[in-house]
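Student: File model-v1.cif follows (mmCIF, C-alpha atoms and all ligand atoms):
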data_data
loop_
_atom_site.label_atom_id
_atom_site.label_comp_id
_atom_site.auth_asym_id
_atom_site.auth_seq_id
_atom_site.Cartn_x
_atom_site.Cartn_y
_atom_site.Cartn_z
CA MET X 1 110.44 78.94 115.74
CA ARG X 2 106.81 77.89 115.78
CA PRO X 3 105.10 74.89 114.26
CA THR X 4 103.97 75.50 110.70
CA TRP X 5 100.30 75.03 111.50
CA GLU X 6 100.52 77.90 113.98
CA LYS X 7 102.05 80.16 111.37
CA ARG X 8 99.22 79.30 108.99
CA ALA X 9 96.71 80.05 111.72
CA ASN X 10 98.28 83.50 112.08
CA VAL X 11 97.53 84.35 108.48
CA LYS X 12 93.82 84.28 109.21
CA LYS X 13 94.09 86.44 112.31
CA LYS X 14 92.85 89.99 112.28
CA ILE X 15 95.07 92.87 111.30
CA ILE X 16 96.12 94.96 114.29
CA LEU X 17 98.29 97.50 112.53
CA GLU X 18 98.63 98.47 108.91
CA LEU X 19 100.79 101.07 107.19
CA LYS X 20 99.89 101.79 103.58
CA ASN X 21 102.21 103.85 101.36
CA VAL X 22 103.33 105.96 104.30
CA ASN X 23 105.61 108.94 103.80
CA ALA X 24 106.93 110.94 106.75
CA CYS X 25 109.07 114.05 107.11
CA TYR X 26 110.85 116.17 109.68
CA GLY X 27 110.08 119.65 108.42
CA LYS X 28 111.06 119.59 104.77
CA ILE X 29 113.25 116.54 105.04
CA GLN X 30 111.56 113.32 104.01
CA VAL X 31 112.66 110.27 106.01
CA LEU X 32 110.10 107.57 105.20
CA TYR X 33 109.17 106.59 101.65
CA ASN X 34 106.17 104.50 100.77
CA ILE X 35 106.20 102.25 103.84
CA ASN X 36 103.88 99.24 103.71
CA MET X 37 103.54 96.96 106.72
CA THR X 38 100.84 94.61 107.97
CA ILE X 39 100.88 93.15 111.45
CA ARG X 40 98.36 90.56 112.53
CA GLN X 41 97.27 89.50 115.97
CA GLY X 42 99.82 87.29 117.69
CA GLU X 43 102.70 88.03 115.34
CA LEU X 44 106.24 88.88 116.35
CA ILE X 45 107.59 91.18 113.68
CA CYS X 46 110.99 92.81 113.48
CA LEU X 47 111.88 96.02 111.73
CA LEU X 48 115.55 95.94 110.84
CA GLY X 49 117.98 98.35 109.26
CA GLY X 50 121.22 100.20 109.81
CA ASN X 51 121.69 103.40 111.74
CA ALA X 52 119.47 106.32 110.60
CA SER X 53 117.47 104.11 108.21
CA GLY X 54 114.15 105.33 109.68
CA LYS X 55 113.31 102.62 112.23
CA SER X 56 112.52 104.92 115.14
CA THR X 57 110.66 107.30 112.84
CA THR X 58 108.42 104.42 111.76
CA LEU X 59 107.56 103.79 115.41
CA LYS X 60 107.00 107.52 115.97
CA THR X 61 104.64 107.56 113.00
CA ILE X 62 102.65 104.66 114.46
CA LEU X 63 102.49 106.49 117.80
CA GLY X 64 101.34 109.78 116.29
CA ILE X 65 104.50 111.61 117.37
CA VAL X 66 105.19 112.13 113.66
CA HIS X 67 102.18 112.34 111.34
CA PRO X 68 102.38 110.86 107.85
CA THR X 69 102.46 113.34 104.97
CA GLN X 70 100.99 110.65 102.71
CA GLY X 71 99.45 107.21 103.09
CA THR X 72 97.57 105.78 106.05
CA VAL X 73 98.32 104.22 109.40
CA SER X 74 95.44 102.06 110.63
CA LEU X 75 95.01 100.58 114.10
CA LYS X 76 92.45 97.76 114.24
CA GLY X 77 90.94 99.13 111.05
CA GLU X 78 90.74 102.77 112.16
CA ASN X 79 92.73 105.47 110.36
CA ILE X 80 94.90 107.09 113.08
CA ASN X 81 96.91 109.43 110.84
CA LYS X 82 95.79 112.55 112.62
CA LYS X 83 95.22 111.14 116.10
CA PRO X 84 97.29 112.39 119.03
CA THR X 85 99.64 110.03 120.84
CA ASN X 86 97.49 109.71 123.97
CA TYR X 87 94.55 108.54 121.84
CA ILE X 88 96.73 105.93 120.14
CA ILE X 89 98.09 104.69 123.46
CA ARG X 90 94.59 104.48 124.97
CA ASN X 91 93.53 102.50 121.93
CA GLY X 92 96.03 99.73 122.32
CA VAL X 93 99.58 100.72 121.34
CA SER X 94 102.32 100.59 123.94
CA ILE X 95 106.04 101.25 123.61
CA VAL X 96 109.26 100.24 125.27
CA PRO X 97 111.24 103.29 124.18
CA GLU X 98 114.84 103.45 123.07
CA ASN X 99 117.17 103.50 126.09
CA ARG X 100 114.24 102.38 128.25
CA ARG X 101 113.38 105.75 129.84
CA ILE X 102 111.90 104.59 133.08
CA PHE X 103 111.23 107.22 135.74
CA PRO X 104 114.44 107.25 137.77
CA GLY X 105 113.03 109.15 140.76
CA MET X 106 110.03 106.86 141.19
CA THR X 107 109.97 103.43 142.76
CA VAL X 108 109.62 100.27 140.71
CA ARG X 109 106.03 99.98 141.95
CA GLU X 110 105.20 103.55 140.90
CA ASN X 111 106.76 103.01 137.50
CA LEU X 112 104.59 99.93 137.04
CA GLU X 113 101.45 101.73 138.20
CA ILE X 114 102.00 104.39 135.56
CA GLY X 115 101.78 101.68 132.92
CA ALA X 116 98.28 100.75 134.08
CA MET X 117 97.21 104.35 134.70
CA HIS X 118 94.50 104.58 132.06
CA ARG X 119 92.93 101.20 132.82
CA LYS X 120 89.63 101.02 134.64
CA ASP X 121 89.52 97.25 135.18
CA THR X 122 91.12 97.55 138.62
CA ASP X 123 90.80 93.90 139.64
CA GLN X 124 92.36 92.74 136.39
CA VAL X 125 95.18 95.28 136.86
CA LYS X 126 95.99 93.75 140.29
CA LEU X 127 96.11 90.33 138.71
CA ASP X 128 98.28 91.57 135.84
CA MET X 129 100.64 93.29 138.27
CA ALA X 130 101.10 90.00 140.13
CA ALA X 131 101.65 88.22 136.80
CA MET X 132 104.36 90.76 135.88
CA LEU X 133 106.20 90.15 139.14
CA ASP X 134 105.95 86.44 138.37
CA LEU X 135 107.42 87.00 134.93
CA PHE X 136 110.11 89.35 136.27
CA PRO X 137 110.87 88.19 139.85
CA ARG X 138 113.79 90.66 140.03
CA LEU X 139 111.29 93.52 139.90
CA GLY X 140 109.37 92.01 142.80
CA GLU X 141 112.55 91.91 144.88
CA ARG X 142 113.16 95.57 144.09
CA ILE X 143 109.60 96.83 144.17
CA ASN X 144 110.28 99.70 146.60
CA LEU X 145 113.62 100.77 145.14
CA LEU X 146 113.93 103.87 142.97
CA GLY X 147 114.22 103.29 139.24
CA MET X 148 117.68 104.82 139.21
CA MET X 149 118.96 102.06 141.53
CA LEU X 150 118.30 99.35 138.93
CA SER X 151 120.91 97.88 136.60
CA GLY X 152 120.49 98.31 132.82
CA GLY X 153 118.98 94.84 132.48
CA GLU X 154 116.55 95.46 135.31
CA GLN X 155 115.53 98.81 133.84
CA GLN X 156 114.78 97.05 130.58
CA MET X 157 112.58 94.55 132.45
CA LEU X 158 110.81 97.42 134.19
CA ALA X 159 110.21 99.21 130.89
CA MET X 160 108.76 96.02 129.40
CA ALA X 161 106.59 95.26 132.42
CA ARG X 162 105.33 98.85 132.46
CA ALA X 163 104.44 98.69 128.77
CA LEU X 164 102.68 95.33 129.19
CA LEU X 165 100.64 96.61 132.13
CA SER X 166 98.79 98.94 129.80
CA ASP X 167 97.35 95.75 128.27
CA PRO X 168 98.30 96.66 124.70
CA ASP X 169 96.98 95.16 121.47
CA ILE X 170 100.46 95.72 120.11
CA LEU X 171 103.75 96.30 121.88
CA LEU X 172 106.39 98.37 120.10
CA MET X 173 110.01 97.99 121.17
CA ASP X 174 112.81 100.28 120.03
CA GLU X 175 116.18 98.47 120.10
CA PRO X 176 115.54 96.43 123.24
CA SER X 177 119.01 94.88 123.17
CA MET X 178 120.89 98.16 122.95
CA GLY X 179 123.46 98.73 125.68
CA LEU X 180 122.98 95.33 127.29
CA SER X 181 125.82 92.86 127.88
CA PRO X 182 125.82 89.76 125.59
CA ALA X 183 124.38 87.54 128.34
CA LEU X 184 121.59 90.02 128.97
CA VAL X 185 120.89 90.31 125.25
CA ASP X 186 120.22 86.56 125.12
CA GLN X 187 117.96 86.83 128.14
CA GLN X 188 116.20 89.85 126.65
CA PHE X 189 115.33 88.00 123.42
CA GLU X 190 114.12 85.02 125.43
CA ILE X 191 111.79 87.30 127.39
CA ILE X 192 110.46 88.92 124.21
CA GLU X 193 109.78 85.52 122.66
CA ASN X 194 108.07 84.41 125.84
CA ILE X 195 105.85 87.52 125.99
CA ASN X 196 104.83 86.93 122.38
CA LYS X 197 104.05 83.26 123.04
CA LYS X 198 101.78 84.35 125.85
CA GLY X 199 99.78 86.27 123.24
CA THR X 200 101.14 89.80 122.87
CA THR X 201 101.57 91.08 119.32
CA ILE X 202 105.01 92.68 119.01
CA LEU X 203 106.76 95.01 116.58
CA MET X 204 110.42 95.11 117.53
CA VAL X 205 112.99 97.45 116.03
CA GLU X 206 116.50 96.03 116.09
CA GLN X 207 119.97 96.52 114.66
CA ASN X 208 120.83 93.04 115.89
CA ALA X 209 119.33 91.34 112.83
CA ASN X 210 120.32 87.72 113.45
CA MET X 211 119.09 87.67 117.02
CA ALA X 212 115.85 89.42 116.12
CA LEU X 213 115.17 87.11 113.15
CA SER X 214 115.86 84.05 115.25
CA ILE X 215 112.72 84.75 117.31
CA ALA X 216 110.53 86.70 114.82
CA ASP X 217 107.84 85.42 112.45
CA ARG X 218 108.57 88.00 109.77
CA GLY X 219 110.86 90.93 109.20
CA TYR X 220 110.98 94.18 107.27
CA VAL X 221 114.31 95.74 106.35
CA LEU X 222 114.65 99.50 105.98
CA GLN X 223 117.33 101.26 104.01
CA THR X 224 117.35 105.07 103.93
CA GLY X 225 113.64 105.22 104.63
CA GLU X 226 112.49 102.52 102.20
CA ILE X 227 111.56 98.91 102.81
CA VAL X 228 113.96 96.93 100.66
CA LEU X 229 113.23 93.45 102.00
CA ASP X 230 110.11 91.94 103.50
CA ASP X 231 109.90 88.22 104.17
CA ARG X 232 109.49 85.43 106.65
CA ALA X 233 112.25 85.48 109.25
CA GLU X 234 113.81 82.18 108.19
CA ASN X 235 114.09 83.41 104.60
CA LEU X 236 115.69 86.69 105.63
CA LEU X 237 118.20 84.84 107.80
CA ASN X 238 119.46 83.08 104.68
CA ASP X 239 119.11 86.00 102.28
CA PRO X 240 122.46 87.24 100.96
CA SER X 241 120.99 90.68 100.23
CA MET X 242 120.51 91.24 103.98
CA GLN X 243 124.11 92.30 104.19
CA ARG X 244 123.67 94.61 101.21
CA ALA X 245 120.76 96.30 103.01
CA TYR X 246 122.97 97.04 105.98
CA LEU X 247 125.95 98.18 103.96
CA GLY X 248 123.84 100.48 101.82
CA GLY X 249 124.12 98.68 98.45
CA GLU X 250 121.72 99.01 95.51
CA PHE X 251 118.45 97.08 95.29
N1 LIG M 1 113.66 114.95 115.27
C1 LIG M 1 114.31 114.87 114.10
N2 LIG M 1 114.47 115.96 113.32
C2 LIG M 1 115.11 115.88 112.13
N3 LIG M 1 115.61 114.75 111.62
C3 LIG M 1 115.49 113.64 112.35
C4 LIG M 1 114.83 113.63 113.64
N4 LIG M 1 114.85 112.37 114.11
C5 LIG M 1 115.49 111.63 113.19
N5 LIG M 1 115.87 112.37 112.14
C6 LIG M 1 116.56 111.89 110.93
O1 LIG M 1 115.72 110.94 110.30
C7 LIG M 1 116.49 109.84 109.79
C8 LIG M 1 115.97 108.54 110.37
O2 LIG M 1 116.19 108.54 111.77
P1 LIG M 1 115.67 107.40 112.74
O3 LIG M 1 114.26 107.09 112.39
O4 LIG M 1 115.94 107.83 114.13
O5 LIG M 1 116.61 106.18 112.32
P2 LIG M 1 116.97 104.82 113.07
O6 LIG M 1 116.04 104.66 114.23
O7 LIG M 1 116.81 103.77 112.02
O8 LIG M 1 118.39 104.95 113.50
C9 LIG M 1 117.93 110.14 110.15
O9 LIG M 1 118.55 110.69 109.03
C10 LIG M 1 117.84 111.14 111.27
O10 LIG M 1 118.93 112.01 111.28
MG MG M 2 116.42 104.47 116.28
#
Any chance you could give the structure as structure tokens?
Ligand SMILES: Nc1ncnc2c1ncn2[C@@H]1O[C@H](COP(=O)(O)OP(=O)(O)O)[C@@H](O)[C@H]1O
Ligand SMILES: [Mg+2]
Tutor:
Amino acid sequence: MRPTWEKRANVKKKIILELKNVNACYGKIQVLYNINMTIRQGELICLLGGNASGKSTTLKTILGIVHPTQGTVSLKGENINKKPTNYIIRNGVSIVPENRRIFPGMTVRENLEIGAMHRKDTDQVKLDMAAMLDLFPRLGERINLLGMMLSGGEQQMLAMARALLSDPDILLMDEPSMGLSPALVDQQFEIIENINKKGTTILMVEQNANMALSIADRGYVLQTGEIVLDDRAENLLNDPSMQRAYLGGEF
């Protein structure tokens, strides 16, 4: 939770990412219907919904892995509908993918360096690398170990640190709590909240609605490819139709 005045301040901040009436398909099968989302600088937003509701596809559409068949995706005001993924990444979007996907055969250090690969501000990168090892001391202790030697929780930290080292305007996270033990899930959400408080704008996809809403500013809820609820996190936490969204009831 943040003080109310901070939330008000957010409203005036610039829009980082905007989806307007976005439709998306895999071949002939439509999976996203008329998606509208607005994410402003500094916000922590969660995208919720049951299995196969279109959460990952929404992230893929933002990243240019899937291109919208209708509507627009804008990044800092620029229409990126037809842009390739590498352009979108270079222009400020970073992702912690589902199941982490670090490079198992590379060391922790090499994995981190890949995150900063496209940056030219070398001195700042060194500073940021040190800051990451401060934020995740476990990674510092394991800096020369191969990715595959890390535990699930450590791999998640590595994936987050790698994504942050690209210095993104917005960090996307696909089910960061998946596959982690309950204690690590708590720690994971604490880290996400902390990263956001330090200034990173975050769009987090989660099935774990209560946990996600407990740290988010706002949430969107997807049901079979449509946004059925869209509200401040504290309102969604108390909204009886949340359950309906997950169980597939009518809206
Ligand atoms: N590469 C793909 N090709 C065809 N259909 C897909 C593909 N990826 C996902 N889908 C379908 O799109 C729908 C939404 O999937 P997804 O966005 O992965 O949902 P979620 O992340 O909410 O679980 C599902 O019905 C899924 O089967
Ligand atoms: Mg998914």
Student: Of the candidates X:Met211, X:Ala216, X:Met204, X:Val125, which shows the shortest atom-to-atom distance to ligand MG 2 (chain M), using all atoms listed in the file?
Tutor: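 Among the listed residues, the smallest separation from ligand MG 2 (chain M) belongs to X:Met204.
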Student: Can you pull out every residue with an atom within 12 Å of ligand LIG 1 (chain M)? Use all atoms listed in the file and format it as an NGL selection string.
Tutor: :X and (24-33 or 47-61 or 65-66 or 97-99 or 173-175 or 178 or 204-207 or 221-227 or 246)
Student: Counting all atoms listed in the file, which residues sit no farther than 6 Å from the position (101.0, 98.7, 110.4) in the file's frame? I'd like them as a PyMOL selection string.
Tutor: chain X and resi 17-19+37-39
Student: Would you please work out which residue, of X:Gly152, X:Leu203, X:Leu164, X:Gly71, is nearest to Ile114 (chain X) when using only C-alpha atoms?
Tutor: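 Closest to Ile114 (chain X) of all the choices is X:Leu164.
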Student: Just the number, please: distance in Å from CA of Thr107 (chain X) to CA of Phe189 (chain X), one decimal.
Tutor: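 A separation of 25.3 Å between them.
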Student: One number please: CA of Ile62 (chain X) to CA of Ser166 (chain X), in Å, one decimal.
Tutor: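 Value for the CA of Ile62 (chain X)-CA of Ser166 (chain X) distance: 16.8 Å.
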Student: Using all atoms listed in the file, which residue out of X:Pro176, X:Pro240, X:Ile45, X:Asn79 lies closest to ligand MG 2 (chain M)?
Tutor: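 Among the listed residues, the smallest separation from ligand MG 2 (chain M) belongs to X:Pro176.
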Student: Save region 186-202 of chain X of the structure in the block above to a file, with all heavy atoms included, as a PDB file, in the first residue's frame.
Tutor:
ATOM      1  N   ASP X 186       6.323 -15.433  -0.912  1.00  0.00           N
ATOM      2  CA  ASP X 186       6.280 -14.217  -0.088  1.00  0.00           C
ATOM      3  C   ASP X 186       7.477 -13.331  -0.387  1.00  0.00           C
ATOM      4  O   ASP X 186       7.342 -12.127  -0.591  1.00  0.00           O
ATOM      5  CB  ASP X 186       6.318 -14.573   1.411  1.00  0.00           C
ATOM      6  CG  ASP X 186       4.977 -15.074   1.893  1.00  0.00           C
ATOM      7  OD1 ASP X 186       3.999 -14.968   1.117  1.00  0.00           O
ATOM      8  OD2 ASP X 186       4.902 -15.577   3.028  1.00  0.00           O
ATOM      9  N   GLN X 187       8.642 -13.950  -0.419  1.00  0.00           N
ATOM     10  CA  GLN X 187       9.878 -13.205  -0.662  1.00  0.00           C
ATOM     11  C   GLN X 187       9.851 -12.570  -2.049  1.00  0.00           C
ATOM     12  O   GLN X 187      10.222 -11.412  -2.236  1.00  0.00           O
ATOM     13  CB  GLN X 187      11.060 -14.177  -0.551  1.00  0.00           C
ATOM     14  CG  GLN X 187      12.402 -13.495  -0.590  1.00  0.00           C
ATOM     15  CD  GLN X 187      13.520 -14.509  -0.826  1.00  0.00           C
ATOM     16  OE1 GLN X 187      13.413 -15.407  -1.660  1.00  0.00           O
ATOM     17  NE2 GLN X 187      14.584 -14.379  -0.075  1.00  0.00           N
ATOM     18  N   GLN X 188       9.347 -13.340  -3.016  1.00  0.00           N
ATOM     19  CA  GLN X 188       9.259 -12.879  -4.395  1.00  0.00           C
ATOM     20  C   GLN X 188       8.407 -11.603  -4.499  1.00  0.00           C
ATOM     21  O   GLN X 188       8.798 -10.628  -5.130  1.00  0.00           O
ATOM     22  CB  GLN X 188       8.634 -14.011  -5.230  1.00  0.00           C
ATOM     23  CG  GLN X 188       8.348 -13.665  -6.652  1.00  0.00           C
ATOM     24  CD  GLN X 188       9.622 -13.474  -7.444  1.00  0.00           C
ATOM     25  OE1 GLN X 188      10.683 -13.916  -7.049  1.00  0.00           O
ATOM     26  NE2 GLN X 188       9.525 -12.795  -8.552  1.00  0.00           N
ATOM     27  N   PHE X 189       7.232 -11.620  -3.847  1.00  0.00           N
ATOM     28  CA  PHE X 189       6.355 -10.447  -3.918  1.00  0.00           C
ATOM     29  C   PHE X 189       6.976  -9.248  -3.198  1.00  0.00           C
ATOM     30  O   PHE X 189       6.810  -8.109  -3.620  1.00  0.00           O
ATOM     31  CB  PHE X 189       4.958 -10.773  -3.391  1.00  0.00           C
ATOM     32  CG  PHE X 189       4.122 -11.501  -4.403  1.00  0.00           C
ATOM     33  CD1 PHE X 189       3.885 -12.863  -4.305  1.00  0.00           C
ATOM     34  CD2 PHE X 189       3.593 -10.828  -5.492  1.00  0.00           C
ATOM     35  CE1 PHE X 189       3.136 -13.541  -5.259  1.00  0.00           C
ATOM     36  CE2 PHE X 189       2.843 -11.490  -6.455  1.00  0.00           C
ATOM     37  CZ  PHE X 189       2.615 -12.843  -6.333  1.00  0.00           C
ATOM     38  N   GLU X 190       7.711  -9.533  -2.128  1.00  0.00           N
ATOM     39  CA  GLU X 190       8.415  -8.448  -1.429  1.00  0.00           C
ATOM     40  C   GLU X 190       9.443  -7.794  -2.355  1.00  0.00           C
ATOM     41  O   GLU X 190       9.554  -6.570  -2.413  1.00  0.00           O
ATOM     42  CB  GLU X 190       9.166  -9.017  -0.220  1.00  0.00           C
ATOM     43  CG  GLU X 190       8.655  -8.532   1.108  1.00  0.00           C
ATOM     44  CD  GLU X 190       9.320  -9.299   2.236  1.00  0.00           C
ATOM     45  OE1 GLU X 190      10.552  -9.189   2.400  1.00  0.00           O
ATOM     46  OE2 GLU X 190       8.588 -10.042   2.948  1.00  0.00           O
ATOM     47  N   ILE X 191      10.165  -8.639  -3.095  1.00  0.00           N
ATOM     48  CA  ILE X 191      11.186  -8.116  -4.016  1.00  0.00           C
ATOM     49  C   ILE X 191      10.528  -7.275  -5.113  1.00  0.00           C
ATOM     50  O   ILE X 191      10.993  -6.191  -5.445  1.00  0.00           O
ATOM     51  CB  ILE X 191      12.007  -9.277  -4.635  1.00  0.00           C
ATOM     52  CG1 ILE X 191      12.848  -9.969  -3.553  1.00  0.00           C
ATOM     53  CG2 ILE X 191      12.906  -8.766  -5.748  1.00  0.00           C
ATOM     54  CD1 ILE X 191      13.494 -11.271  -4.004  1.00  0.00           C
ATOM     55  N   ILE X 192       9.420  -7.773  -5.643  1.00  0.00           N
ATOM     56  CA  ILE X 192       8.735  -7.040  -6.724  1.00  0.00           C
ATOM     57  C   ILE X 192       8.278  -5.670  -6.216  1.00  0.00           C
ATOM     58  O   ILE X 192       8.452  -4.645  -6.877  1.00  0.00           O
ATOM     59  CB  ILE X 192       7.534  -7.857  -7.260  1.00  0.00           C
ATOM     60  CG1 ILE X 192       8.033  -9.149  -7.914  1.00  0.00           C
ATOM     61  CG2 ILE X 192       6.708  -7.032  -8.247  1.00  0.00           C
ATOM     62  CD1 ILE X 192       6.937 -10.137  -8.262  1.00  0.00           C
ATOM     63  N   GLU X 193       7.705  -5.661  -5.016  1.00  0.00           N
ATOM     64  CA  GLU X 193       7.237  -4.406  -4.436  1.00  0.00           C
ATOM     65  C   GLU X 193       8.407  -3.434  -4.234  1.00  0.00           C
ATOM     66  O   GLU X 193       8.312  -2.241  -4.548  1.00  0.00           O
ATOM     67  CB  GLU X 193       6.555  -4.696  -3.090  1.00  0.00           C
ATOM     68  CG  GLU X 193       5.785  -3.519  -2.537  1.00  0.00           C
ATOM     69  CD  GLU X 193       5.038  -3.870  -1.264  1.00  0.00           C
ATOM     70  OE1 GLU X 193       5.397  -4.852  -0.589  1.00  0.00           O
ATOM     71  OE2 GLU X 193       4.074  -3.141  -0.951  1.00  0.00           O
ATOM     72  N   ASN X 194       9.506  -3.988  -3.788  1.00  0.00           N
ATOM     73  CA  ASN X 194      10.710  -3.204  -3.539  1.00  0.00           C
ATOM     74  C   ASN X 194      11.261  -2.598  -4.846  1.00  0.00           C
ATOM     75  O   ASN X 194      11.585  -1.407  -4.909  1.00  0.00           O
ATOM     76  CB  ASN X 194      11.728  -4.155  -2.891  1.00  0.00           C
ATOM     77  CG  ASN X 194      12.930  -3.434  -2.353  1.00  0.00           C
ATOM     78  OD1 ASN X 194      12.992  -2.202  -2.389  1.00  0.00           O
ATOM     79  ND2 ASN X 194      13.901  -4.184  -1.870  1.00  0.00           N
ATOM     80  N   ILE X 195      11.309  -3.407  -5.892  1.00  0.00           N
ATOM     81  CA  ILE X 195      11.801  -2.939  -7.193  1.00  0.00           C
ATOM     82  C   ILE X 195      10.914  -1.795  -7.699  1.00  0.00           C
ATOM     83  O   ILE X 195      11.382  -0.787  -8.207  1.00  0.00           O
ATOM     84  CB  ILE X 195      11.810  -4.098  -8.224  1.00  0.00           C
ATOM     85  CG1 ILE X 195      12.897  -5.113  -7.877  1.00  0.00           C
ATOM     86  CG2 ILE X 195      12.018  -3.575  -9.638  1.00  0.00           C
ATOM     87  CD1 ILE X 195      12.813  -6.387  -8.691  1.00  0.00           C
ATOM     88  N   ASN X 196       9.620  -1.959  -7.524  1.00  0.00           N
ATOM     89  CA  ASN X 196       8.678  -0.919  -7.945  1.00  0.00           C
ATOM     90  C   ASN X 196       8.877   0.366  -7.132  1.00  0.00           C
ATOM     91  O   ASN X 196       8.891   1.471  -7.684  1.00  0.00           O
ATOM     92  CB  ASN X 196       7.238  -1.430  -7.821  1.00  0.00           C
ATOM     93  CG  ASN X 196       6.216  -0.334  -8.073  1.00  0.00           C
ATOM     94  OD1 ASN X 196       5.537   0.131  -7.167  1.00  0.00           O
ATOM     95  ND2 ASN X 196       6.131   0.120  -9.324  1.00  0.00           N
ATOM     96  N   LYS X 197       9.066   0.208  -5.834  1.00  0.00           N
ATOM     97  CA  LYS X 197       9.269   1.391  -4.981  1.00  0.00           C
ATOM     98  C   LYS X 197      10.527   2.145  -5.363  1.00  0.00           C
ATOM     99  O   LYS X 197      10.619   3.351  -5.200  1.00  0.00           O
ATOM    100  CB  LYS X 197       9.334   0.973  -3.512  1.00  0.00           C
ATOM    101  CG  LYS X 197       7.965   0.685  -2.935  1.00  0.00           C
ATOM    102  CD  LYS X 197       7.968   0.849  -1.427  1.00  0.00           C
ATOM    103  CE  LYS X 197       6.567   0.665  -0.872  1.00  0.00           C
ATOM    104  NZ  LYS X 197       6.494  -0.514   0.008  1.00  0.00           N
ATOM    105  N   LYS X 198      11.504   1.407  -5.881  1.00  0.00           N
ATOM    106  CA  LYS X 198      12.739   2.058  -6.322  1.00  0.00           C
ATOM    107  C   LYS X 198      12.551   2.761  -7.665  1.00  0.00           C
ATOM    108  O   LYS X 198      13.470   3.382  -8.177  1.00  0.00           O
ATOM    109  CB  LYS X 198      13.872   1.036  -6.421  1.00  0.00           C
ATOM    110  CG  LYS X 198      14.435   0.595  -5.077  1.00  0.00           C
ATOM    111  CD  LYS X 198      15.557  -0.409  -5.286  1.00  0.00           C
ATOM    112  CE  LYS X 198      15.931  -1.133  -4.024  1.00  0.00           C
ATOM    113  NZ  LYS X 198      16.608  -0.289  -3.029  1.00  0.00           N
ATOM    114  N   GLY X 199      11.368   2.599  -8.278  1.00  0.00           N
ATOM    115  CA  GLY X 199      11.066   3.409  -9.459  1.00  0.00           C
ATOM    116  C   GLY X 199      10.746   2.670 -10.743  1.00  0.00           C
ATOM    117  O   GLY X 199      10.446   3.295 -11.751  1.00  0.00           O
ATOM    118  N   THR X 200      10.819   1.337 -10.739  1.00  0.00           N
ATOM    119  CA  THR X 200      10.546   0.609 -11.981  1.00  0.00           C
ATOM    120  C   THR X 200       9.041   0.386 -12.158  1.00  0.00           C
ATOM    121  O   THR X 200       8.362  -0.074 -11.239  1.00  0.00           O
ATOM    122  CB  THR X 200      11.265  -0.764 -11.985  1.00  0.00           C
ATOM    123  OG1 THR X 200      12.655  -0.542 -11.761  1.00  0.00           O
ATOM    124  CG2 THR X 200      11.078  -1.490 -13.302  1.00  0.00           C
ATOM    125  N   THR X 201       8.546   0.733 -13.337  1.00  0.00           N
ATOM    126  CA  THR X 201       7.150   0.481 -13.691  1.00  0.00           C
ATOM    127  C   THR X 201       7.011  -1.012 -14.008  1.00  0.00           C
ATOM    128  O   THR X 201       7.837  -1.561 -14.736  1.00  0.00           O
ATOM    129  CB  THR X 201       6.790   1.319 -14.937  1.00  0.00           C
ATOM    130  OG1 THR X 201       7.155   2.679 -14.682  1.00  0.00           O
ATOM    131  CG2 THR X 201       5.311   1.226 -15.273  1.00  0.00           C
ATOM    132  N   ILE X 202       5.987  -1.640 -13.449  1.00  0.00           N
ATOM    133  CA  ILE X 202       5.876  -3.101 -13.597  1.00  0.00           C
ATOM    134  C   ILE X 202       4.473  -3.518 -14.041  1.00  0.00           C
ATOM    135  O   ILE X 202       3.477  -3.038 -13.513  1.00  0.00           O
ATOM    136  CB  ILE X 202       6.214  -3.818 -12.260  1.00  0.00           C
ATOM    137  CG1 ILE X 202       7.660  -3.506 -11.837  1.00  0.00           C
ATOM    138  CG2 ILE X 202       5.994  -5.335 -12.378  1.00  0.00           C
ATOM    139  CD1 ILE X 202       8.076  -4.118 -10.512  1.00  0.00           C
TER     140      ILE X 202
END
